[in-house]
>>> print(open('target.cif').read())   # mmCIF, C-alpha atoms
data_run
loop_
_atom_site.label_atom_id
_atom_site.label_comp_id
_atom_site.auth_asym_id
_atom_site.auth_seq_id
_atom_site.Cartn_x
_atom_site.Cartn_y
_atom_site.Cartn_z
CA MET A 37 -5.31 -1.87 -53.92
CA PRO A 38 -7.35 1.06 -52.53
CA ALA A 39 -7.42 1.14 -48.75
CA LEU A 40 -8.27 3.16 -45.67
CA VAL A 41 -5.38 5.27 -44.42
CA SER A 42 -7.24 6.51 -41.38
CA VAL A 43 -10.61 6.33 -39.60
CA ASN A 44 -11.38 9.66 -37.93
CA LEU A 45 -13.75 10.62 -35.13
CA GLY A 46 -14.72 13.98 -33.66
CA VAL A 47 -16.19 15.11 -30.37
CA LEU A 48 -18.23 18.29 -30.00
CA ARG A 49 -16.04 21.36 -29.61
CA LYS A 50 -16.75 25.07 -29.71
CA ASN A 51 -17.32 26.27 -33.25
CA ARG A 52 -14.78 28.82 -34.46
CA ALA A 53 -17.57 30.37 -36.52
CA ALA A 54 -19.25 32.76 -34.08
CA GLY A 55 -22.90 32.08 -33.34
CA HIS A 56 -22.94 28.55 -34.73
CA HIS A 57 -23.53 25.17 -33.11
CA ASP A 58 -20.75 23.25 -31.40
CA THR A 59 -19.17 21.07 -34.05
CA GLY A 60 -17.53 17.69 -34.54
CA ILE A 61 -15.59 18.82 -37.63
CA ASP A 62 -12.23 18.58 -35.82
CA LYS A 63 -11.76 14.85 -36.33
CA ARG A 64 -8.76 12.87 -35.13
CA SER A 65 -7.36 9.56 -36.32
CA HIS A 66 -8.62 6.63 -34.25
CA GLU A 67 -6.59 3.51 -33.59
CA GLY A 68 -8.45 0.21 -33.73
CA PRO A 69 -11.78 -0.76 -35.27
CA VAL A 70 -14.77 1.59 -35.36
CA GLU A 71 -18.32 0.35 -35.81
CA VAL A 72 -20.24 1.74 -38.79
CA ARG A 73 -24.05 1.71 -38.90
CA ALA A 74 -26.91 3.59 -40.54
CA PRO A 75 -27.70 6.54 -38.23
CA GLY A 76 -31.33 7.10 -39.23
CA SER A 77 -32.98 10.41 -40.05
CA ARG A 78 -31.00 13.63 -39.92
CA ARG A 79 -32.80 15.29 -37.03
CA ASP A 80 -34.08 12.31 -35.03
CA GLY A 81 -31.38 9.72 -35.65
CA LEU A 82 -27.89 9.12 -34.30
CA GLY A 83 -26.15 11.77 -36.39
CA SER A 84 -22.99 10.15 -37.69
CA GLY A 85 -22.68 6.70 -39.20
CA LEU A 86 -19.62 5.99 -37.05
CA VAL A 87 -20.02 5.06 -33.40
CA GLY A 88 -18.20 7.62 -31.26
CA ASP A 89 -18.35 10.41 -33.85
CA ALA A 90 -20.30 13.61 -33.13
CA VAL A 91 -22.45 15.77 -35.41
CA GLY A 92 -23.25 19.24 -34.08
CA ASN A 93 -25.76 20.78 -36.49
CA ARG A 94 -28.22 18.00 -37.36
CA ARG A 95 -30.36 20.32 -39.40
CA HIS A 96 -27.78 20.31 -42.18
CA HIS A 97 -25.44 17.41 -41.40
CA GLY A 98 -25.60 13.70 -40.65
CA GLY A 99 -28.41 11.26 -41.29
CA ASP A 100 -28.51 8.25 -43.55
CA ARG A 101 -27.39 9.95 -46.77
CA GLN A 102 -24.54 11.76 -45.01
CA ALA A 103 -23.66 8.92 -42.67
CA VAL A 104 -19.98 8.84 -43.67
CA TYR A 105 -17.72 11.43 -45.31
CA ALA A 106 -14.63 10.30 -47.23
CA VAL A 107 -11.65 12.24 -48.61
CA ALA A 108 -8.68 10.96 -50.60
CA ARG A 109 -5.27 11.30 -48.97
CA GLU A 110 -3.94 12.29 -52.39
CA GLU A 111 -6.20 15.36 -52.36
CA LEU A 112 -5.09 16.33 -48.86
CA ASP A 113 -1.49 16.07 -50.08
CA GLY A 114 -2.34 18.41 -52.95
CA TRP A 115 -3.89 20.94 -50.57
CA GLN A 116 -0.91 20.58 -48.26
CA GLU A 117 1.40 21.62 -51.09
CA GLN A 118 -0.87 24.42 -52.29
CA LEU A 119 -1.47 25.92 -48.84
CA GLY A 120 2.02 25.29 -47.47
CA ARG A 121 0.82 23.73 -44.23
CA PRO A 122 0.40 20.20 -42.84
CA MET A 123 -2.94 18.56 -43.58
CA ALA A 124 -3.48 15.71 -41.13
CA ASN A 125 -5.92 12.90 -41.75
CA GLY A 126 -9.33 14.12 -40.64
CA VAL A 127 -8.56 17.81 -41.18
CA PHE A 128 -11.48 18.22 -43.61
CA GLY A 129 -13.81 16.63 -41.07
CA GLU A 130 -13.75 13.37 -42.99
CA ASN A 131 -14.49 10.06 -41.29
CA LEU A 132 -12.51 8.04 -43.79
CA THR A 133 -9.21 9.03 -45.38
CA THR A 134 -8.52 6.79 -48.35
CA VAL A 135 -5.63 6.04 -50.69
CA GLY A 136 -5.72 4.75 -54.25
CA LEU A 137 -9.39 5.60 -54.76
CA GLU A 138 -11.10 8.28 -56.82
CA VAL A 139 -13.34 9.81 -54.17
CA SER A 140 -14.36 13.17 -55.64
CA ASP A 141 -14.73 11.48 -59.03
CA ALA A 142 -16.69 8.50 -57.72
CA VAL A 143 -19.95 7.78 -59.52
CA ILE A 144 -22.99 8.67 -57.43
CA GLY A 145 -24.56 5.38 -56.40
CA GLU A 146 -21.39 3.28 -56.60
CA ARG A 147 -20.78 0.91 -53.71
CA TRP A 148 -17.59 0.26 -51.76
CA ARG A 149 -16.87 -2.83 -49.72
CA ILE A 150 -14.48 -2.05 -46.87
CA GLY A 151 -12.86 -4.92 -45.05
CA GLU A 152 -14.93 -8.07 -44.67
CA HIS A 153 -18.37 -6.73 -43.73
CA VAL A 154 -19.00 -3.04 -44.44
CA GLU A 155 -20.60 -1.80 -47.64
CA LEU A 156 -21.14 1.90 -48.31
CA GLN A 157 -22.89 3.71 -51.15
CA VAL A 158 -21.80 7.07 -52.57
CA THR A 159 -24.64 9.59 -52.24
CA GLY A 160 -23.19 12.95 -53.29
CA PRO A 161 -20.76 15.81 -52.68
CA ARG A 162 -19.85 17.69 -49.54
CA ILE A 163 -20.84 21.35 -49.81
CA PRO A 164 -18.51 23.67 -47.84
CA CYS A 165 -20.00 25.75 -45.03
CA VAL A 166 -18.94 28.55 -42.69
CA THR A 167 -17.92 25.99 -40.04
CA PHE A 168 -15.50 24.44 -42.56
CA ARG A 169 -14.12 27.90 -43.41
CA ALA A 170 -13.58 28.77 -39.76
CA HIS A 171 -12.03 25.39 -39.01
CA LEU A 172 -9.43 25.71 -41.80
CA GLY A 173 -8.78 29.39 -41.10
CA GLU A 174 -7.75 30.14 -44.68
CA ARG A 175 -8.75 33.49 -46.19
CA GLY A 176 -11.23 32.96 -49.03
CA TRP A 177 -11.34 29.23 -48.29
CA LEU A 178 -14.90 28.55 -49.41
CA LYS A 179 -14.28 30.06 -52.84
CA THR A 180 -10.91 28.31 -53.17
CA PHE A 181 -12.39 24.93 -52.23
CA THR A 182 -15.41 25.42 -54.47
CA ARG A 183 -13.37 26.38 -57.54
CA ALA A 184 -11.23 23.26 -57.13
CA ALA A 185 -14.31 20.96 -57.01
CA ARG A 186 -12.31 18.36 -55.07
CA CYS A 187 -15.10 17.89 -52.59
CA GLY A 188 -14.85 14.34 -51.24
CA ALA A 189 -17.96 12.18 -51.04
CA TYR A 190 -20.78 11.43 -48.65
CA LEU A 191 -21.84 7.81 -48.29
CA SER A 192 -24.75 5.88 -46.82
CA VAL A 193 -24.38 2.58 -44.97
CA VAL A 194 -25.67 -0.47 -46.87
CA SER A 195 -24.13 -3.14 -44.63
CA PRO A 196 -22.86 -2.30 -41.11
CA GLY A 197 -19.77 -3.55 -39.35
CA PRO A 198 -16.30 -2.51 -38.19
CA VAL A 199 -13.73 -0.55 -40.20
CA CYS A 200 -10.10 0.04 -39.40
CA ALA A 201 -7.08 1.79 -40.91
CA GLY A 202 -5.47 -0.59 -43.38
CA ASP A 203 -8.73 -2.17 -44.53
CA GLU A 204 -8.88 -2.72 -48.29
CA ILE A 205 -11.59 -0.99 -50.32
CA LEU A 206 -13.23 -2.67 -53.30
CA VAL A 207 -15.67 -0.95 -55.65
CA VAL A 208 -18.32 -3.66 -56.04
CA HIS A 209 -20.89 -1.72 -58.09
CA ARG A 210 -20.73 1.30 -60.38
CA PRO A 211 -23.92 2.64 -62.02
CA ASP A 212 -24.02 3.12 -65.78
CA HIS A 213 -25.34 6.70 -65.63
CA GLY A 214 -21.81 8.01 -65.01
CA VAL A 215 -22.77 11.08 -62.95
CA LEU A 216 -19.71 11.92 -60.86
CA VAL A 217 -19.70 13.42 -57.38
CA SER A 218 -17.54 16.27 -58.70
CA THR A 219 -20.02 16.96 -61.52
CA ALA A 220 -22.86 17.22 -59.00
CA PHE A 221 -20.74 19.54 -56.89
CA ARG A 222 -19.99 21.81 -59.84
CA ALA A 223 -23.66 21.82 -60.84
CA LEU A 224 -24.80 22.74 -57.34
CA THR A 225 -22.27 25.54 -56.95
CA LEU A 226 -20.64 27.43 -59.84
CA GLU A 227 -21.98 25.66 -62.94
CA PRO A 228 -25.79 25.47 -62.75
CA ALA A 229 -25.95 24.65 -66.45
CA LEU A 230 -24.97 21.12 -65.39
CA LEU A 231 -28.04 20.67 -63.17
CA PRO A 232 -30.18 18.91 -65.79
CA ALA A 233 -27.34 16.46 -66.48
CA ILE A 234 -27.05 15.28 -62.89
CA LEU A 235 -30.70 14.20 -62.97
CA ASP A 236 -29.43 11.28 -65.06
CA ALA A 237 -28.38 9.74 -61.74
CA GLY A 238 -32.06 9.03 -61.06
CA ASP A 239 -32.86 7.63 -57.62
CA ASP A 240 -29.14 7.52 -56.75
CA LEU A 241 -29.20 11.32 -56.47
CA GLY A 242 -31.66 11.31 -53.57
CA ASP A 243 -34.71 13.46 -52.93
CA GLU A 244 -32.96 16.60 -51.67
CA LEU A 245 -30.45 16.97 -54.51
CA THR A 246 -33.04 15.96 -57.10
CA ALA A 247 -35.40 18.69 -55.88
CA MET A 248 -32.59 21.27 -56.03
CA ALA A 249 -31.58 20.22 -59.54
CA ARG A 250 -35.18 20.39 -60.80
CA ALA A 251 -35.71 23.79 -59.21
CA GLY A 252 -32.40 25.17 -60.48
CA GLU A 253 -31.20 25.86 -56.93
CA THR A 254 -27.53 26.19 -56.10
CA TYR A 255 -25.28 26.93 -53.14
CA SER A 256 -23.28 30.15 -53.15
CA PRO A 257 -19.82 30.08 -51.51
CA ALA A 258 -19.42 33.14 -49.30
#
>>> encode(input="target.cif", output="structure tokens")
Amino acid sequence: MPALVSVNLGVLRKNRAAGHHDTGIDKRSHEGPVEVRAPGSRRDGLGSGLVGDAVGNRRHHGGDRQAVYAVAREELDGWQEQLGRPMANGVFGENLTTVGLEVSDAVIGERWRIGEHVELQVTGPRIPCVTFRAHLGERGWLKTFTRAARCGAYLSVVSPGPVCAGDEILVVHRPDHGVLVSTAFRALTLEPALLPAILDAGDDLGDELTAMARAGETYSPA
């Protein structure tokens, strides 16, 4: 059964990327339950969907569609082997580290029930930024991460409540359109030919990603 391995929170710390906002990317595993709730708008809301978790740059991060970030422990293990260094839960800045669940290959719009009360909805991929590069400290990290397309998933909060390491995760809804988080990531980065295809996700894609796909806009890893 898929489950949470770790729930991770970050406080604001100095950004290793010079000239950038303080950041909460350095997340640490938290013992005990953590309350999850919809944070509201990106700039005027609460930032993170987890109580006690900090978001530094609210222009580009946080808000309802990026309320929670999840990464599979299996992917961290793969990076650990490839990079030859320990990869602790939370090292990618993820709030939830999972096991037994396809996170990067989740269908955009699918819903997860975690524990007894919380329900989250997959909204799209995490796009790597200079803060992520500086935090990992790996030469060429943005290009390496982007080529792999193992991006983890952002989620919105459908039903609030507490989550805790060990909670079981159940996929309770999966849309028929079949647009994967990893496909959206590839389309928005190195494979723009896929942009028309991700529009099949319809409203599940959200206004921002839909506008980018229609305009043919992509992100370029530096």
>>> atom_distance(input="target.cif", atom1="CA of Thr182 in chain A", atom2="CA of Ser84 in chain A")
23.9 Å
>>> closest_residue(input="target.cif", among="A:Tyr190, A:Phe168, A:Trp177, A:Phe221", to="Arg52 in chain A", atoms="all atoms listed in the file")
A:Phe168
>>> closest_residue(input="target.cif", among="A:Gly136, A:Ala170, A:Asp141, A:Val127", to="His56 in chain A", atoms="only C-alpha atoms")
A:Ala170
>>> resolve_selection(input="target.cif", expression="the PyMOL selection byres ((chain A and resi 95) around 12)", output="ChimeraX atom specification")
/A:57,77-81,83,91-94,96-99,102
>>> write_last_selection(input="target.cif", atoms="C-alpha atoms", output="compact mmCIF listing (two decimals), in the frame of the given file")
# COMPACT_ATOMS: atom_id res chain seq x y z
CA HIS A 57 -23.53 25.17 -33.11
CA SER A 77 -32.98 10.41 -40.05
CA ARG A 78 -31.00 13.63 -39.92
CA ARG A 79 -32.80 15.29 -37.03
CA ASP A 80 -34.08 12.31 -35.03
CA GLY A 81 -31.38 9.72 -35.65
CA GLY A 83 -26.15 11.77 -36.39
CA VAL A 91 -22.45 15.77 -35.41
CA GLY A 92 -23.25 19.24 -34.08
CA ASN A 93 -25.76 20.78 -36.49
CA ARG A 94 -28.22 18.00 -37.36
CA HIS A 96 -27.78 20.31 -42.18
CA HIS A 97 -25.44 17.41 -41.40
CA GLY A 98 -25.60 13.70 -40.65
CA GLY A 99 -28.41 11.26 -41.29
CA GLN A 102 -24.54 11.76 -45.01
>>> atom_distance(input="target.cif", atom1="CA of Pro164 in chain A", atom2="CA of Asp239 in chain A")
23.6 Å
>>> closest_residue(input="target.cif", among="A:Ala247, A:Ala201, A:Leu241, A:Val143", to="Val215 in chain A", atoms="only C-alpha atoms")
A:Val143
>>> residues_near_point(input="target.cif", point="(-12.0, 6.5, -48.7)", cutoff="10 Å", atoms="all atoms listed in the file", output="PyMOL selection string")
chain A and resi 38-43+104-109+130-140+148+150+188-189+191+204-205
>>> atom_distance(input="target.cif", atom1="CA of Gly197 in chain A", atom2="CA of Ala90 in chain A")
18.3 Å
>>> closest_atom_pairs(input="target.cif", of="range 73-148 of chain A", to="range 157-160 of chain A", cutoff="7 Å", atoms="all atoms listed in the file", output="JSON lines")
{"residue": "A:Arg101", "atom": "CA", "partner": "A:Thr159", "partner_atom": "CA", "distance": 6.1}
{"residue": "A:Ile144", "atom": "CA", "partner": "A:Val158", "partner_atom": "CA", "distance": 5.3}
{"residue": "A:Gly145", "atom": "CA", "partner": "A:Val158", "partner_atom": "CA", "distance": 5.0}
{"residue": "A:Glu146", "atom": "CA", "partner": "A:Val158", "partner_atom": "CA", "distance": 5.5}
{"residue": "A:Arg147", "atom": "CA", "partner": "A:Gln157", "partner_atom": "CA", "distance": 4.3}
{"residue": "A:Trp148", "atom": "CA", "partner": "A:Gln157", "partner_atom": "CA", "distance": 6.4}
>>> write_last_selection(input="target.cif", atoms="C-alpha atoms", output="mmCIF file, in the frame of the given file")
data_model
loop_
_atom_site.group_PDB
_atom_site.id
_atom_site.type_symbol
_atom_site.label_atom_id
_atom_site.label_comp_id
_atom_site.auth_asym_id
_atom_site.auth_seq_id
_atom_site.Cartn_x
_atom_site.Cartn_y
_atom_site.Cartn_z
ATOM 1 C CA ARG A 101 -27.390 9.950 -46.770
ATOM 2 C CA ILE A 144 -22.990 8.670 -57.430
ATOM 3 C CA GLY A 145 -24.560 5.380 -56.400
ATOM 4 C CA GLU A 146 -21.390 3.280 -56.600
ATOM 5 C CA ARG A 147 -20.780 0.910 -53.710
ATOM 6 C CA TRP A 148 -17.590 0.260 -51.760
#
>>> closest_residue(input="target.cif", among="A:Ala220, A:Met37, A:Leu226, A:Cys165", to="Thr246 in chain A", atoms="only C-alpha atoms")
A:Ala220
>>> resolve_selection(input="target.cif", expression="the PyMOL selection byres ((chain A and resi 195) around 7)", output="PyMOL selection string")
chain A and resi 153-156+193-194+196-197
>>> write_last_selection(input="target.cif", atoms="C-alpha atoms", output="PDB file, in the coordinates of the input")
ATOM      1  CA  HIS A 153     -18.370  -6.730 -43.730  1.00  0.00           C
ATOM      2  CA  VAL A 154     -19.000  -3.040 -44.440  1.00  0.00           C
ATOM      3  CA  GLU A 155     -20.600  -1.800 -47.640  1.00  0.00           C
ATOM      4  CA  LEU A 156     -21.140   1.900 -48.310  1.00  0.00           C
ATOM      5  CA  VAL A 193     -24.380   2.580 -44.970  1.00  0.00           C
ATOM      6  CA  VAL A 194     -25.670  -0.470 -46.870  1.00  0.00           C
ATOM      7  CA  PRO A 196     -22.860  -2.300 -41.110  1.00  0.00           C
ATOM      8  CA  GLY A 197     -19.770  -3.550 -39.350  1.00  0.00           C
TER       9      GLY A 197
END
>>> closest_residue(input="target.cif", among="A:Gly214, A:Gly120, A:Gly238, A:Pro228", to="Ser256 in chain A", atoms="only C-alpha atoms")
A:Pro228
>>> axis_aligned_box(input="target.cif", around="range 119-133 of chain A", padding_each_side="3 Å", output="lines of an AutoDock Vina configuration file")
center_x = -6.2
center_y = 17.0
center_z = -44.7
size_x = 22.5
size_y = 23.9
size_z = 14.2
>>> residues_around(input="target.cif", residues="Ile163 in chain A", least_positions_apart="3", cutoff="9 Å", atoms="all atoms listed in the file", output="ChimeraX atom specification")
/A:182,187,221,224-225,255,257
>>> residues_around(input="target.cif", residues="range 44-51 of chain A", least_positions_apart="2", cutoff="6 Å", atoms="only C-alpha atoms", output="list in words")
Ala53, Asp58, Thr59, Gly60, Asp62, Lys63, Arg64, Ser65, His66, Asp89, Ala90, Gly126 and Asn131 of chain A
>>> residues_around(input="target.cif", residues="Thr180 in chain A", least_positions_apart="2", cutoff="12 Å", atoms="all atoms listed in the file", output="list in words")
Trp115, Gln118, Leu119, Pro164, Arg169, Leu172, Glu174, Arg175, Gly176, Trp177, Leu178, Thr182, Arg183, Ala184, Ala185, Arg186, Cys187, Leu226, Pro257 and Ala258 of chain A
>>> resolve_selection(input="target.cif", expression="the PyMOL selection byres ((chain A and resi 199) around 7)", output="PyMOL selection string")
chain A and resi 69-71+150-151+197-198+200+203
>>> closest_residue(input="target.cif", among="A:Met248, A:Ile61, A:Val72, A:Leu86", to="Phe128 in chain A", atoms="only C-alpha atoms")
A:Ile61
